Protein chains: 2
Amino acid sequence: MKLSDMQLFRGLEEDDISSLLSCLNSVKRNYKKGEVILSEGSIIENIGIVRSGMAMISCNDIWGNTSILGSVAPGSVFAEVYACIPGQPMLVTVSAVEDTSVLFMDVGRVLTTCTNACPFHTNLARNLLTVCAHKSLQLSQRILHTSSKSIRGRLMSYFSECAKHAGSNSFLIPYNRQQLADYLNVDRSTMCNELSKMQKDGMIEYKKNRILLKD
Amino acid sequence: MKLSDMQLFRGLEEDDISSLLSCLNSVKRNYKKGEVILSEGSIIENIGIVRSGMAMISCNDIWGNTSILGSVAPGSVFAEVYACIPGQPMLVTVSAVEDTSVLFMDVGRVLTTCTNACPFHTNLARNLLTVCAHKSLQLSQRILHTSSKSIRGRLMSYFSECAKHAGSNSFLIPYNRQQLADYLNVDRSTMCNELSKMQKDGMIEYKKNRILLKD
DNA sequence: AAAAATCTGTTGTTATAACAACGAAAGGGT
DNA sequence: ACCCTTTCGTTGTTATAACAACAGATTTTT
């Protein structure tokens, strides 16, 4: 994925982006599957951009239960909230669910003074606002998907959004069963059970990560 | 509350704010207790700022169940996410929980071109980013508070944050019982029951909206 | 002050999700 | 091909939250 295709760099040329990257001390790092990228409680100043692979945002309670807040696909940004609130410890952990390459950028000077050596700061700040708004929207959606008291309701809420997003009743989900359960905050085995009931009831068909939503 | 004390207008003088308000076509509107301010599905372009009273952000599913995403106190902003993503229909409803006065502002031109007649746009854009980041953080917190499978766990997660925020083990919560239940996504009567068990167990004491968290 | 409306706490019943345990299936590595 | 690991689906039991119904308390209205 080209940097200029990313939401964060919208309106910028490849050349402009290059100067931005050096201006903001960008660093690239690679993570193996399962590795933690940023951990809960840490205080950070950089935003992260996934270049390849896939990351997941999650948190763990004291009993070891995991909740997944969302996934970060290539081209998407994470930790922007904490980078924009200096000193705020992270409430979540970001980890690689497959081998993942990440670009870190110090957006601090975008937030503070206007004395920018680099003329693209204004543009970047605007894009960052858009990115932040989209992230908020994703969190709202995740809340809506877990607002039903029943597992079936949660699944249908999530699947409906997937179908809408894909523009088709057939779509792939980015989670395996355990991750989907952690995203919807339910028990995996109970959810598997519910999925097969829904298939018996003719509401859905599924095979691995492909779901078909019927009428 | 003075406008210059609000996060959105940080760094601006009262005079600057006045010119901003007229520049951004700000309008003041009043709402009675219970009235809907912005409703789910509508497409909006303005952010809202609560000047007095209290608003609540919520959503309803098809069975009439209500989920509360958060409350908006005087000085705080709402709908900024939708104002920053033109064309995105609202996923939530904003309503007044008491008589409430709201200031609406069209931030559209802050997001688009640089040709600002008004020199405070840059500052406002930066503040808007901060506001948006804080809202994201609030949503993350609400997700954490509902991630426990048990009602007691959810209450303790929420109360712990309240105590931390208040800097004391004794604090007031901004919700009545039904609203608290809707915020934590649980049944009110079951939650009331759990609250009194927790009091019996010596974990908390409470009287109306004042909670005391014991050791 | 009385009446109405809302809010709160309690109880008992029922539905349902969590949990534990296991075998089957699917991947991954050598 | 094999083993080893992870993922997935199924079952039965148990814990717990939802739900319904109501009485007492509190607040608001007239």
# chains A, B, ... in the order shown; residues from 1 in each chain; ligands from 1
>>> residues_around(residues="Glu80 in chain A", least_positions_apart="5", cutoff="9 Å", atoms="only C-alpha atoms (C1' of nucleotides)", output="PyMOL selection string")
(chain A and resi 45-48+85+107+128+131-132) or (chain B and resi 133)
>>> write_last_selection(atoms="C-alpha atoms", output="PDB file, in the first residue's frame")
ATOM      1  CA  GLU A  45       4.305   9.946  22.072  1.00  0.00           C
ATOM      2  CA  ASN A  46       4.226   8.308  18.673  1.00  0.00           C
ATOM      3  CA  ILE A  47       1.390   7.183  16.520  1.00  0.00           C
ATOM      4  CA  GLY A  48       1.760   3.831  14.770  1.00  0.00           C
ATOM      5  CA  ILE A  85      -3.155  13.283  24.952  1.00  0.00           C
ATOM      6  CA  VAL A 107       3.244  13.870  15.875  1.00  0.00           C
ATOM      7  CA  LEU A 128      -5.214  13.222  11.968  1.00  0.00           C
ATOM      8  CA  VAL A 131      -8.501   9.518  11.481  1.00  0.00           C
ATOM      9  CA  CYS A 132      -9.370  10.166  15.101  1.00  0.00           C
TER      10      CYS A 132
ATOM     11  CA  ALA B 133      -9.081  12.129  21.294  1.00  0.00           C
TER      12      ALA B 133
END
>>> interface_residues(of="chain D", to="chain B", cutoff="10 Å", atoms="only C-alpha atoms (C1' of nucleotides)", output="compact mmCIF listing (two decimals) with C-alpha atoms (C1' of nucleotides), in the first residue's frame")
# COMPACT_ATOMS: atom_id res chain seq x y z
C1' DT D 16 -26.01 -15.93 37.03
C1' DA D 17 -28.36 -12.38 34.76
C1' DA D 18 -32.85 -11.14 32.74
C1' DC D 19 -37.44 -10.59 33.55
>>> closest_atom_pairs(of="chain B", to="chain A", cutoff="6 Å", atoms="only C-alpha atoms", output="Markdown table")
| residue | atom | partner | partner_atom | distance |
| --- | --- | --- | --- | --- |
| B:Val81 | CA | A:Ala133 | CA | 4.8 |
| B:Leu129 | CA | A:Leu129 | CA | 5.2 |
| B:Ala133 | CA | A:Val81 | CA | 4.8 |
| B:Ser136 | CA | A:Ser136 | CA | 5.0 |
>>> atom_distance(atom1="CA of Met1 in chain A", atom2="CA of Val102 in chain A")
12.7 Å
>>> calpha_fit_and_write(fixed="chain B", moving="chain A", output="short mmCIF file (atom, residue, chain, number, x, y, z; two decimals) with C-alpha atoms, in the first residue's frame")
data_model
loop_
_atom_site.label_atom_id
_atom_site.label_comp_id
_atom_site.auth_asym_id
_atom_site.auth_seq_id
_atom_site.Cartn_x
_atom_site.Cartn_y
_atom_site.Cartn_z
CA MET A 1 -18.82 28.38 32.58
CA LYS A 2 -16.76 30.77 30.49
CA LEU A 3 -16.14 29.78 26.91
CA SER A 4 -12.42 30.44 27.31
CA ASP A 5 -12.31 27.81 30.07
CA MET A 6 -13.51 25.14 27.68
CA GLN A 7 -11.11 22.64 26.18
CA LEU A 8 -12.35 23.48 22.70
CA PHE A 9 -11.34 27.13 23.05
CA ARG A 10 -8.10 26.66 24.93
CA GLY A 11 -5.55 29.34 24.12
CA LEU A 12 -8.13 31.78 22.81
CA GLU A 13 -9.22 35.08 24.34
CA GLU A 14 -12.88 35.91 24.87
CA ASP A 15 -12.66 38.41 22.02
CA ASP A 16 -11.15 35.86 19.65
CA ILE A 17 -13.90 33.41 20.56
CA SER A 18 -16.58 35.97 19.77
CA SER A 19 -15.25 36.43 16.27
CA LEU A 20 -14.94 32.68 15.88
CA LEU A 21 -18.56 32.17 16.89
CA SER A 22 -19.87 34.57 14.31
CA CYS A 23 -17.42 33.24 11.74
CA LEU A 24 -18.74 29.70 12.26
CA ASN A 25 -22.42 30.66 12.29
CA SER A 26 -22.95 29.58 15.85
CA VAL A 27 -26.51 29.24 17.08
CA LYS A 28 -27.80 28.75 20.59
CA ARG A 29 -30.79 26.52 21.29
CA ASN A 30 -32.60 25.43 24.41
CA TYR A 31 -34.06 22.01 25.14
CA LYS A 32 -36.45 20.84 27.83
CA LYS A 33 -35.78 17.80 29.95
CA GLY A 34 -36.28 14.64 27.93
CA GLU A 35 -36.20 16.38 24.57
CA VAL A 36 -34.15 14.89 21.73
CA ILE A 37 -31.32 17.14 20.58
CA LEU A 38 -29.97 15.05 17.70
CA SER A 39 -31.43 11.77 16.61
CA GLU A 40 -29.95 8.56 15.28
CA GLY A 41 -29.79 8.40 11.51
CA SER A 42 -29.63 12.12 10.94
CA ILE A 43 -26.79 13.72 9.04
CA ILE A 44 -25.34 16.77 10.68
CA GLU A 45 -22.62 19.32 10.04
CA ASN A 46 -22.45 21.12 13.36
CA ILE A 47 -20.80 20.22 16.59
CA GLY A 48 -22.75 20.87 19.78
CA ILE A 49 -21.48 22.41 22.97
CA VAL A 50 -23.45 22.06 26.18
CA ARG A 51 -23.58 25.44 27.94
CA SER A 52 -25.82 24.40 30.81
CA GLY A 53 -27.83 21.36 31.85
CA MET A 54 -26.84 17.83 30.84
CA ALA A 55 -27.11 15.70 27.73
CA MET A 56 -26.83 11.99 27.23
CA ILE A 57 -25.61 9.94 24.29
CA SER A 58 -27.55 6.74 23.79
CA CYS A 59 -28.87 4.28 21.29
CA ASN A 60 -31.90 2.03 21.11
CA ASP A 61 -32.18 -1.37 19.52
CA ILE A 62 -35.27 -2.73 17.80
CA TRP A 63 -36.58 -4.24 21.05
CA GLY A 64 -36.53 -0.91 22.83
CA ASN A 65 -33.43 -1.60 24.88
CA THR A 66 -31.42 1.50 25.59
CA SER A 67 -27.65 1.72 25.82
CA ILE A 68 -26.01 4.82 27.17
CA LEU A 69 -22.62 5.64 25.70
CA GLY A 70 -21.87 8.61 27.91
CA SER A 71 -23.03 11.92 29.30
CA VAL A 72 -22.15 15.42 28.16
CA ALA A 73 -21.63 17.96 30.93
CA PRO A 74 -21.49 21.76 30.50
CA GLY A 75 -18.42 22.78 28.57
CA SER A 76 -18.23 19.48 26.74
CA VAL A 77 -18.74 18.85 23.08
CA PHE A 78 -20.85 16.26 21.25
CA ALA A 79 -21.42 15.12 17.67
CA GLU A 80 -17.89 16.18 16.77
CA VAL A 81 -17.26 12.77 15.24
CA TYR A 82 -20.13 13.14 12.79
CA ALA A 83 -19.28 16.76 12.06
CA CYS A 84 -15.78 15.59 11.14
CA ILE A 85 -17.02 12.82 8.84
CA PRO A 86 -19.34 14.58 6.39
CA GLY A 87 -22.26 12.44 5.30
CA GLN A 88 -21.92 9.86 8.07
CA PRO A 89 -25.38 9.32 9.61
CA MET A 90 -25.42 9.41 13.38
CA LEU A 91 -25.38 6.04 15.10
CA VAL A 92 -26.60 7.51 18.36
CA THR A 93 -29.18 9.86 19.77
CA VAL A 94 -28.35 12.85 21.94
CA SER A 95 -31.02 13.97 24.37
CA ALA A 96 -31.40 16.38 27.25
CA VAL A 97 -31.68 14.72 30.66
CA GLU A 98 -32.50 18.08 32.18
CA ASP A 99 -33.24 21.52 30.76
CA THR A 100 -30.23 22.11 28.57
CA SER A 101 -28.78 24.94 26.55
CA VAL A 102 -26.67 24.06 23.52
CA LEU A 103 -24.39 26.03 21.22
CA PHE A 104 -24.07 24.69 17.69
CA MET A 105 -21.10 25.53 15.49
CA ASP A 106 -20.37 24.76 11.88
CA VAL A 107 -16.80 23.51 11.92
CA GLY A 108 -16.91 22.58 8.25
CA ARG A 109 -14.53 25.27 7.11
CA VAL A 110 -12.08 24.33 9.83
CA LEU A 111 -11.78 20.95 8.21
CA THR A 112 -11.50 21.96 4.59
CA THR A 113 -9.49 24.77 3.05
CA CYS A 114 -6.78 26.91 4.56
CA THR A 115 -8.32 30.09 3.23
CA ASN A 116 -9.57 31.17 6.58
CA ALA A 117 -10.78 34.68 6.93
CA CYS A 118 -10.48 34.08 10.64
CA PRO A 119 -6.97 33.54 12.04
CA PHE A 120 -7.98 31.28 14.91
CA HIS A 121 -8.95 28.31 12.81
CA THR A 122 -5.64 26.54 13.24
CA ASN A 123 -5.92 26.77 16.96
CA LEU A 124 -9.49 25.53 16.90
CA ALA A 125 -8.58 22.60 14.68
CA ARG A 126 -5.90 21.54 17.13
CA ASN A 127 -8.31 21.80 20.04
CA LEU A 128 -10.88 19.82 18.13
CA LEU A 129 -8.33 17.05 17.73
CA THR A 130 -7.74 17.00 21.47
CA VAL A 131 -11.47 16.92 22.13
CA CYS A 132 -11.89 14.07 19.68
CA ALA A 133 -9.08 12.11 21.30
CA HIS A 134 -10.64 12.54 24.72
CA LYS A 135 -13.96 11.34 23.42
CA SER A 136 -12.29 8.25 22.02
CA LEU A 137 -10.73 7.63 25.38
CA GLN A 138 -14.14 7.87 27.05
CA LEU A 139 -15.55 5.31 24.65
CA SER A 140 -12.61 3.00 25.34
CA GLN A 141 -13.30 3.32 29.03
CA ARG A 142 -16.95 2.55 28.59
CA ILE A 143 -15.90 -0.59 26.71
CA LEU A 144 -13.59 -1.60 29.55
CA HIS A 145 -16.38 -1.10 32.07
CA THR A 146 -18.66 -3.44 30.21
CA SER A 147 -16.05 -6.07 29.44
CA SER A 148 -16.53 -8.01 32.68
CA LYS A 149 -19.08 -10.79 32.41
CA SER A 150 -20.45 -10.10 35.89
CA ILE A 151 -22.46 -7.12 37.07
CA ARG A 152 -20.25 -6.75 40.11
CA GLY A 153 -17.16 -6.58 37.94
CA ARG A 154 -18.72 -3.91 35.77
CA LEU A 155 -19.75 -1.83 38.74
CA MET A 156 -16.33 -2.09 40.32
CA SER A 157 -14.61 -1.15 37.07
CA TYR A 158 -16.79 1.91 36.75
CA PHE A 159 -16.59 2.91 40.40
CA SER A 160 -12.81 2.55 40.39
CA GLU A 161 -12.55 5.01 37.57
CA CYS A 162 -14.93 7.41 39.30
CA ALA A 163 -12.85 7.27 42.46
CA LYS A 164 -9.66 7.85 40.52
CA HIS A 165 -11.22 10.74 38.68
CA ALA A 166 -12.60 12.31 41.87
CA GLY A 167 -9.36 11.72 43.74
CA SER A 168 -11.38 10.24 46.58
CA ASN A 169 -13.11 7.01 47.55
CA SER A 170 -16.33 8.96 47.90
CA PHE A 171 -17.90 10.39 44.79
CA LEU A 172 -21.15 11.25 43.04
CA ILE A 173 -22.21 9.45 39.90
CA PRO A 174 -23.98 11.35 37.12
CA TYR A 175 -26.53 8.60 36.51
CA ASN A 176 -29.63 7.37 38.24
CA ARG A 177 -30.05 3.61 38.62
CA GLN A 178 -31.73 3.03 35.27
CA GLN A 179 -29.13 5.12 33.48
CA LEU A 180 -26.27 3.39 35.24
CA ALA A 181 -27.74 0.06 34.23
CA ASP A 182 -28.04 1.27 30.64
CA TYR A 183 -24.48 2.51 30.73
CA LEU A 184 -23.19 -0.83 32.02
CA ASN A 185 -25.59 -2.78 29.81
CA VAL A 186 -27.28 -4.73 32.57
CA ASP A 187 -30.77 -5.06 33.98
CA ARG A 188 -31.64 -2.38 36.50
CA SER A 189 -33.31 -4.57 39.11
CA THR A 190 -30.55 -7.15 38.99
CA MET A 191 -28.03 -4.36 39.35
CA CYS A 192 -29.85 -2.87 42.36
CA ASN A 193 -29.76 -6.30 43.89
CA GLU A 194 -26.06 -6.61 43.26
CA LEU A 195 -25.43 -3.17 44.73
CA SER A 196 -27.05 -4.14 48.01
CA LYS A 197 -25.11 -7.40 48.08
CA MET A 198 -21.91 -5.44 47.61
CA GLN A 199 -22.90 -3.22 50.49
CA LYS A 200 -23.63 -6.27 52.68
CA ASP A 201 -20.24 -7.67 51.68
CA GLY A 202 -18.63 -4.44 52.85
CA MET A 203 -17.21 -3.46 49.48
CA ILE A 204 -19.15 -0.25 49.12
CA GLU A 205 -21.61 2.03 50.87
CA TYR A 206 -24.08 4.12 48.99
CA LYS A 207 -26.93 6.54 49.42
CA LYS A 208 -28.64 7.79 46.30
CA ASN A 209 -25.92 8.87 43.90
CA ARG A 210 -23.11 9.06 46.42
CA ILE A 211 -20.87 6.03 46.46
CA LEU A 212 -18.19 5.19 48.96
CA LEU A 213 -15.62 2.65 47.84
CA LYS A 214 -14.18 0.83 50.84
CA ASP A 215 -10.45 0.02 50.91
#
>>> interface_residues(of="chain C", to="chain A", cutoff="10 Å", atoms="only C-alpha atoms (C1' of nucleotides)", output="PDB file with N, CA and C atoms (P, O5', C5', C4', C3', O3' and C1' of nucleotides), in the first residue's frame")
ATOM      1  P    DT C  16     -33.934 -17.574  26.179  1.00  0.00           P
ATOM      2  O5'  DT C  16     -32.398 -17.361  26.510  1.00  0.00           O
ATOM      3  C5'  DT C  16     -32.022 -16.297  27.366  1.00  0.00           C
ATOM      4  C4'  DT C  16     -30.574 -16.464  27.766  1.00  0.00           C
ATOM      5  C3'  DT C  16     -29.727 -17.266  26.769  1.00  0.00           C
ATOM      6  O3'  DT C  16     -28.427 -16.772  26.804  1.00  0.00           O
ATOM      7  C1'  DT C  16     -29.524 -18.228  28.827  1.00  0.00           C
ATOM      8  P    DA C  17     -27.739 -16.179  25.505  1.00  0.00           P
ATOM      9  O5'  DA C  17     -26.316 -15.734  26.059  1.00  0.00           O
ATOM     10  C5'  DA C  17     -26.264 -14.937  27.228  1.00  0.00           C
ATOM     11  C4'  DA C  17     -25.218 -15.472  28.174  1.00  0.00           C
ATOM     12  C3'  DA C  17     -23.935 -15.936  27.493  1.00  0.00           C
ATOM     13  O3'  DA C  17     -22.829 -15.361  28.148  1.00  0.00           O
ATOM     14  C1'  DA C  17     -24.748 -17.638  28.924  1.00  0.00           C
ATOM     15  P    DA C  18     -21.358 -15.674  27.702  1.00  0.00           P
ATOM     16  O5'  DA C  18     -20.787 -16.484  28.955  1.00  0.00           O
ATOM     17  C5'  DA C  18     -20.944 -15.923  30.246  1.00  0.00           C
ATOM     18  C4'  DA C  18     -20.440 -16.905  31.299  1.00  0.00           C
ATOM     19  C3'  DA C  18     -19.017 -17.396  31.081  1.00  0.00           C
ATOM     20  O3'  DA C  18     -18.348 -17.383  32.326  1.00  0.00           O
ATOM     21  C1'  DA C  18     -20.513 -19.247  31.169  1.00  0.00           C
ATOM     22  P    DC C  19     -16.780 -17.618  32.404  1.00  0.00           P
ATOM     23  O5'  DC C  19     -16.643 -19.189  32.597  1.00  0.00           O
ATOM     24  C5'  DC C  19     -17.330 -19.815  33.676  1.00  0.00           C
ATOM     25  C4'  DC C  19     -17.258 -21.308  33.530  1.00  0.00           C
ATOM     26  C3'  DC C  19     -15.914 -21.856  33.042  1.00  0.00           C
ATOM     27  O3'  DC C  19     -15.349 -22.625  34.086  1.00  0.00           O
ATOM     28  C1'  DC C  19     -17.749 -22.964  32.014  1.00  0.00           C
TER      29       DC C  19
END
>>> residues_around(residues="DT27 in chain D", least_positions_apart="3", cutoff="9 Å", atoms="only C-alpha atoms (C1' of nucleotides)", output="list in words")
DA5, DT6 and DC7 of chain C
>>> atom_distance(atom1="C1' of DC4 in chain D", atom2="C1' of DA26 in chain C")
12.5 Å
>>> atom_distance(atom1="C1' of DG29 in chain C", atom2="C1' of DG9 in chain D")
25.4 Å
>>> select_by_dssp(residues="chain A", states="strand (DSSP E or B)", output="ChimeraX atom specification")
/A:27-31,36-38,46-52,55-60,66-72,77-78,93-96,100-106,170-172,204-207,210-213
>>> decode(residues="range 4-25 of chain D", atoms="N, CA and C atoms (P, O5', C5', C4', C3', O3' and C1' of nucleotides)", output="short mmCIF file (atom, residue, chain, number, x, y, z; two decimals), in the first residue's frame")
data_model
loop_
_atom_site.label_atom_id
_atom_site.label_comp_id
_atom_site.auth_asym_id
_atom_site.auth_seq_id
_atom_site.Cartn_x
_atom_site.Cartn_y
_atom_site.Cartn_z
P DC D 4 4.70 -35.88 18.53
"O5'" DC D 4 4.33 -34.34 18.50
"C5'" DC D 4 5.22 -33.42 17.84
"C4'" DC D 4 4.54 -32.09 17.74
"C3'" DC D 4 3.70 -31.71 18.97
"O3'" DC D 4 4.08 -30.39 19.37
"C1'" DC D 4 2.41 -31.47 17.00
P DT D 5 3.44 -29.75 20.70
"O5'" DT D 5 2.52 -28.62 20.07
"C5'" DT D 5 3.04 -27.84 18.98
"C4'" DT D 5 1.93 -27.00 18.41
"C3'" DT D 5 1.00 -26.39 19.47
"O3'" DT D 5 1.00 -24.98 19.28
"C1'" DT D 5 -0.26 -27.43 17.75
P DT D 6 0.14 -24.01 20.26
"O5'" DT D 6 -1.12 -23.65 19.38
"C5'" DT D 6 -0.92 -23.19 18.04
"C4'" DT D 6 -2.22 -23.27 17.29
"C3'" DT D 6 -3.40 -22.56 17.98
"O3'" DT D 6 -3.84 -21.54 17.11
"C1'" DT D 6 -4.03 -24.70 17.18
P DT D 7 -4.99 -20.53 17.56
"O5'" DT D 7 -6.28 -21.16 16.88
"C5'" DT D 7 -6.28 -21.40 15.47
"C4'" DT D 7 -7.49 -22.25 15.12
"C3'" DT D 7 -8.83 -21.69 15.60
"O3'" DT D 7 -9.63 -21.50 14.45
"C1'" DT D 7 -8.65 -24.00 16.04
P DC D 8 -11.05 -20.80 14.55
"O5'" DC D 8 -12.03 -22.04 14.69
"C5'" DC D 8 -12.09 -22.98 13.60
"C4'" DC D 8 -13.00 -24.13 14.02
"C3'" DC D 8 -14.37 -23.71 14.52
"O3'" DC D 8 -15.33 -24.14 13.56
"C1'" DC D 8 -13.39 -25.42 15.88
P DG D 9 -16.85 -23.66 13.72
"O5'" DG D 9 -17.49 -24.89 14.49
"C5'" DG D 9 -17.59 -26.14 13.83
"C4'" DG D 9 -17.99 -27.22 14.81
"C3'" DG D 9 -19.37 -27.02 15.45
"O3'" DG D 9 -20.14 -28.18 15.14
"C1'" DG D 9 -17.72 -27.58 17.09
P DT D 10 -21.69 -28.19 15.51
"O5'" DT D 10 -21.76 -29.03 16.85
"C5'" DT D 10 -21.18 -30.34 16.90
"C4'" DT D 10 -21.15 -30.85 18.33
"C3'" DT D 10 -22.43 -30.61 19.15
"O3'" DT D 10 -23.10 -31.86 19.25
"C1'" DT D 10 -20.43 -30.24 20.43
P DT D 11 -24.55 -31.92 19.93
"O5'" DT D 11 -24.20 -32.17 21.46
"C5'" DT D 11 -23.41 -33.31 21.84
"C4'" DT D 11 -23.10 -33.21 23.33
"C3'" DT D 11 -24.31 -32.92 24.21
"O3'" DT D 11 -24.61 -34.07 24.98
"C1'" DT D 11 -22.39 -31.64 24.85
P DG D 12 -25.99 -34.16 25.82
"O5'" DG D 12 -25.48 -33.73 27.27
"C5'" DG D 12 -24.35 -34.38 27.85
"C4'" DG D 12 -23.97 -33.68 29.16
"C3'" DG D 12 -25.16 -33.36 30.07
"O3'" DG D 12 -24.80 -33.68 31.41
"C1'" DG D 12 -23.95 -31.38 29.61
P DT D 13 -25.87 -33.51 32.60
"O5'" DT D 13 -25.19 -32.35 33.44
"C5'" DT D 13 -23.77 -32.39 33.67
"C4'" DT D 13 -23.34 -31.15 34.42
"C3'" DT D 13 -24.30 -30.68 35.53
"O3'" DT D 13 -23.53 -30.42 36.69
"C1'" DT D 13 -23.86 -28.90 34.05
P DT D 14 -24.24 -29.89 38.01
"O5'" DT D 14 -23.88 -28.35 37.96
"C5'" DT D 14 -22.53 -27.96 37.67
"C4'" DT D 14 -22.44 -26.45 37.68
"C3'" DT D 14 -23.21 -25.78 38.82
"O3'" DT D 14 -22.38 -24.76 39.34
"C1'" DT D 14 -23.91 -24.89 36.77
P DA D 15 -22.76 -24.02 40.68
"O5'" DA D 15 -22.68 -22.50 40.20
"C5'" DA D 15 -21.58 -22.11 39.38
"C4'" DA D 15 -21.93 -20.83 38.64
"C3'" DA D 15 -22.45 -19.72 39.54
"O3'" DA D 15 -21.85 -18.51 39.11
"C1'" DA D 15 -24.01 -20.17 37.81
P DT D 16 -21.97 -17.20 40.04
"O5'" DT D 16 -22.83 -16.28 39.08
"C5'" DT D 16 -22.61 -16.32 37.68
"C4'" DT D 16 -23.73 -15.60 36.97
"C3'" DT D 16 -24.40 -14.51 37.81
"O3'" DT D 16 -24.81 -13.49 36.94
"C1'" DT D 16 -26.01 -15.93 37.03
P DA D 17 -24.28 -11.99 37.17
"O5'" DA D 17 -24.98 -11.21 35.98
"C5'" DA D 17 -24.89 -11.74 34.67
"C4'" DA D 17 -26.24 -11.74 34.00
"C3'" DA D 17 -27.05 -10.47 34.25
"O3'" DA D 17 -27.52 -9.98 33.02
"C1'" DA D 17 -28.36 -12.38 34.76
P DA D 18 -28.43 -8.69 32.96
"O5'" DA D 18 -29.83 -9.29 32.48
"C5'" DA D 18 -29.84 -10.13 31.34
"C4'" DA D 18 -31.25 -10.66 31.09
"C3'" DA D 18 -32.33 -9.59 31.01
"O3'" DA D 18 -33.21 -9.93 29.95
"C1'" DA D 18 -32.85 -11.14 32.74
P DC D 19 -34.28 -8.89 29.46
"O5'" DC D 19 -35.58 -9.28 30.30
"C5'" DC D 19 -36.04 -10.62 30.26
"C4'" DC D 19 -37.11 -10.83 31.31
"C3'" DC D 19 -38.10 -9.67 31.47
"O3'" DC D 19 -39.38 -10.12 31.06
"C1'" DC D 19 -37.44 -10.59 33.55
P DA D 20 -40.59 -9.09 30.90
"O5'" DA D 20 -41.49 -9.45 32.17
"C5'" DA D 20 -41.59 -10.81 32.60
"C4'" DA D 20 -42.38 -10.85 33.90
"C3'" DA D 20 -43.36 -9.70 34.07
"O3'" DA D 20 -44.53 -10.18 34.70
"C1'" DA D 20 -41.83 -9.67 35.84
P DA D 21 -45.85 -9.24 34.88
"O5'" DA D 21 -46.06 -9.18 36.45
"C5'" DA D 21 -45.48 -10.18 37.29
"C4'" DA D 21 -45.45 -9.64 38.70
"C3'" DA D 21 -46.37 -8.45 38.94
"O3'" DA D 21 -47.06 -8.63 40.17
"C1'" DA D 21 -44.19 -7.93 39.63
P DC D 22 -48.28 -7.67 40.62
"O5'" DC D 22 -47.67 -6.94 41.90
"C5'" DC D 22 -47.05 -7.73 42.90
"C4'" DC D 22 -46.19 -6.86 43.77
"C3'" DC D 22 -46.86 -5.55 44.22
"O3'" DC D 22 -46.79 -5.44 45.62
"C1'" DC D 22 -44.68 -5.16 43.50
P DA D 23 -47.88 -4.61 46.42
"O5'" DA D 23 -47.15 -4.31 47.79
"C5'" DA D 23 -45.99 -5.06 48.18
"C4'" DA D 23 -44.95 -4.10 48.75
"C3'" DA D 23 -45.55 -2.85 49.42
"O3'" DA D 23 -44.79 -2.55 50.57
"C1'" DA D 23 -44.10 -2.20 47.71
P DG D 24 -45.23 -1.45 51.61
"O5'" DG D 24 -43.97 -0.48 51.61
"C5'" DG D 24 -42.66 -1.01 51.80
"C4'" DG D 24 -41.64 0.05 51.45
"C3'" DG D 24 -41.92 1.41 52.08
"O3'" DG D 24 -40.70 1.89 52.63
"C1'" DG D 24 -41.73 1.63 49.72
P DA D 25 -40.59 3.26 53.36
"O5'" DA D 25 -39.88 4.16 52.27
"C5'" DA D 25 -38.60 3.77 51.77
"C4'" DA D 25 -38.18 4.74 50.68
"C3'" DA D 25 -38.21 6.20 51.11
"O3'" DA D 25 -36.95 6.77 50.82
"C1'" DA D 25 -39.37 5.89 49.04
#
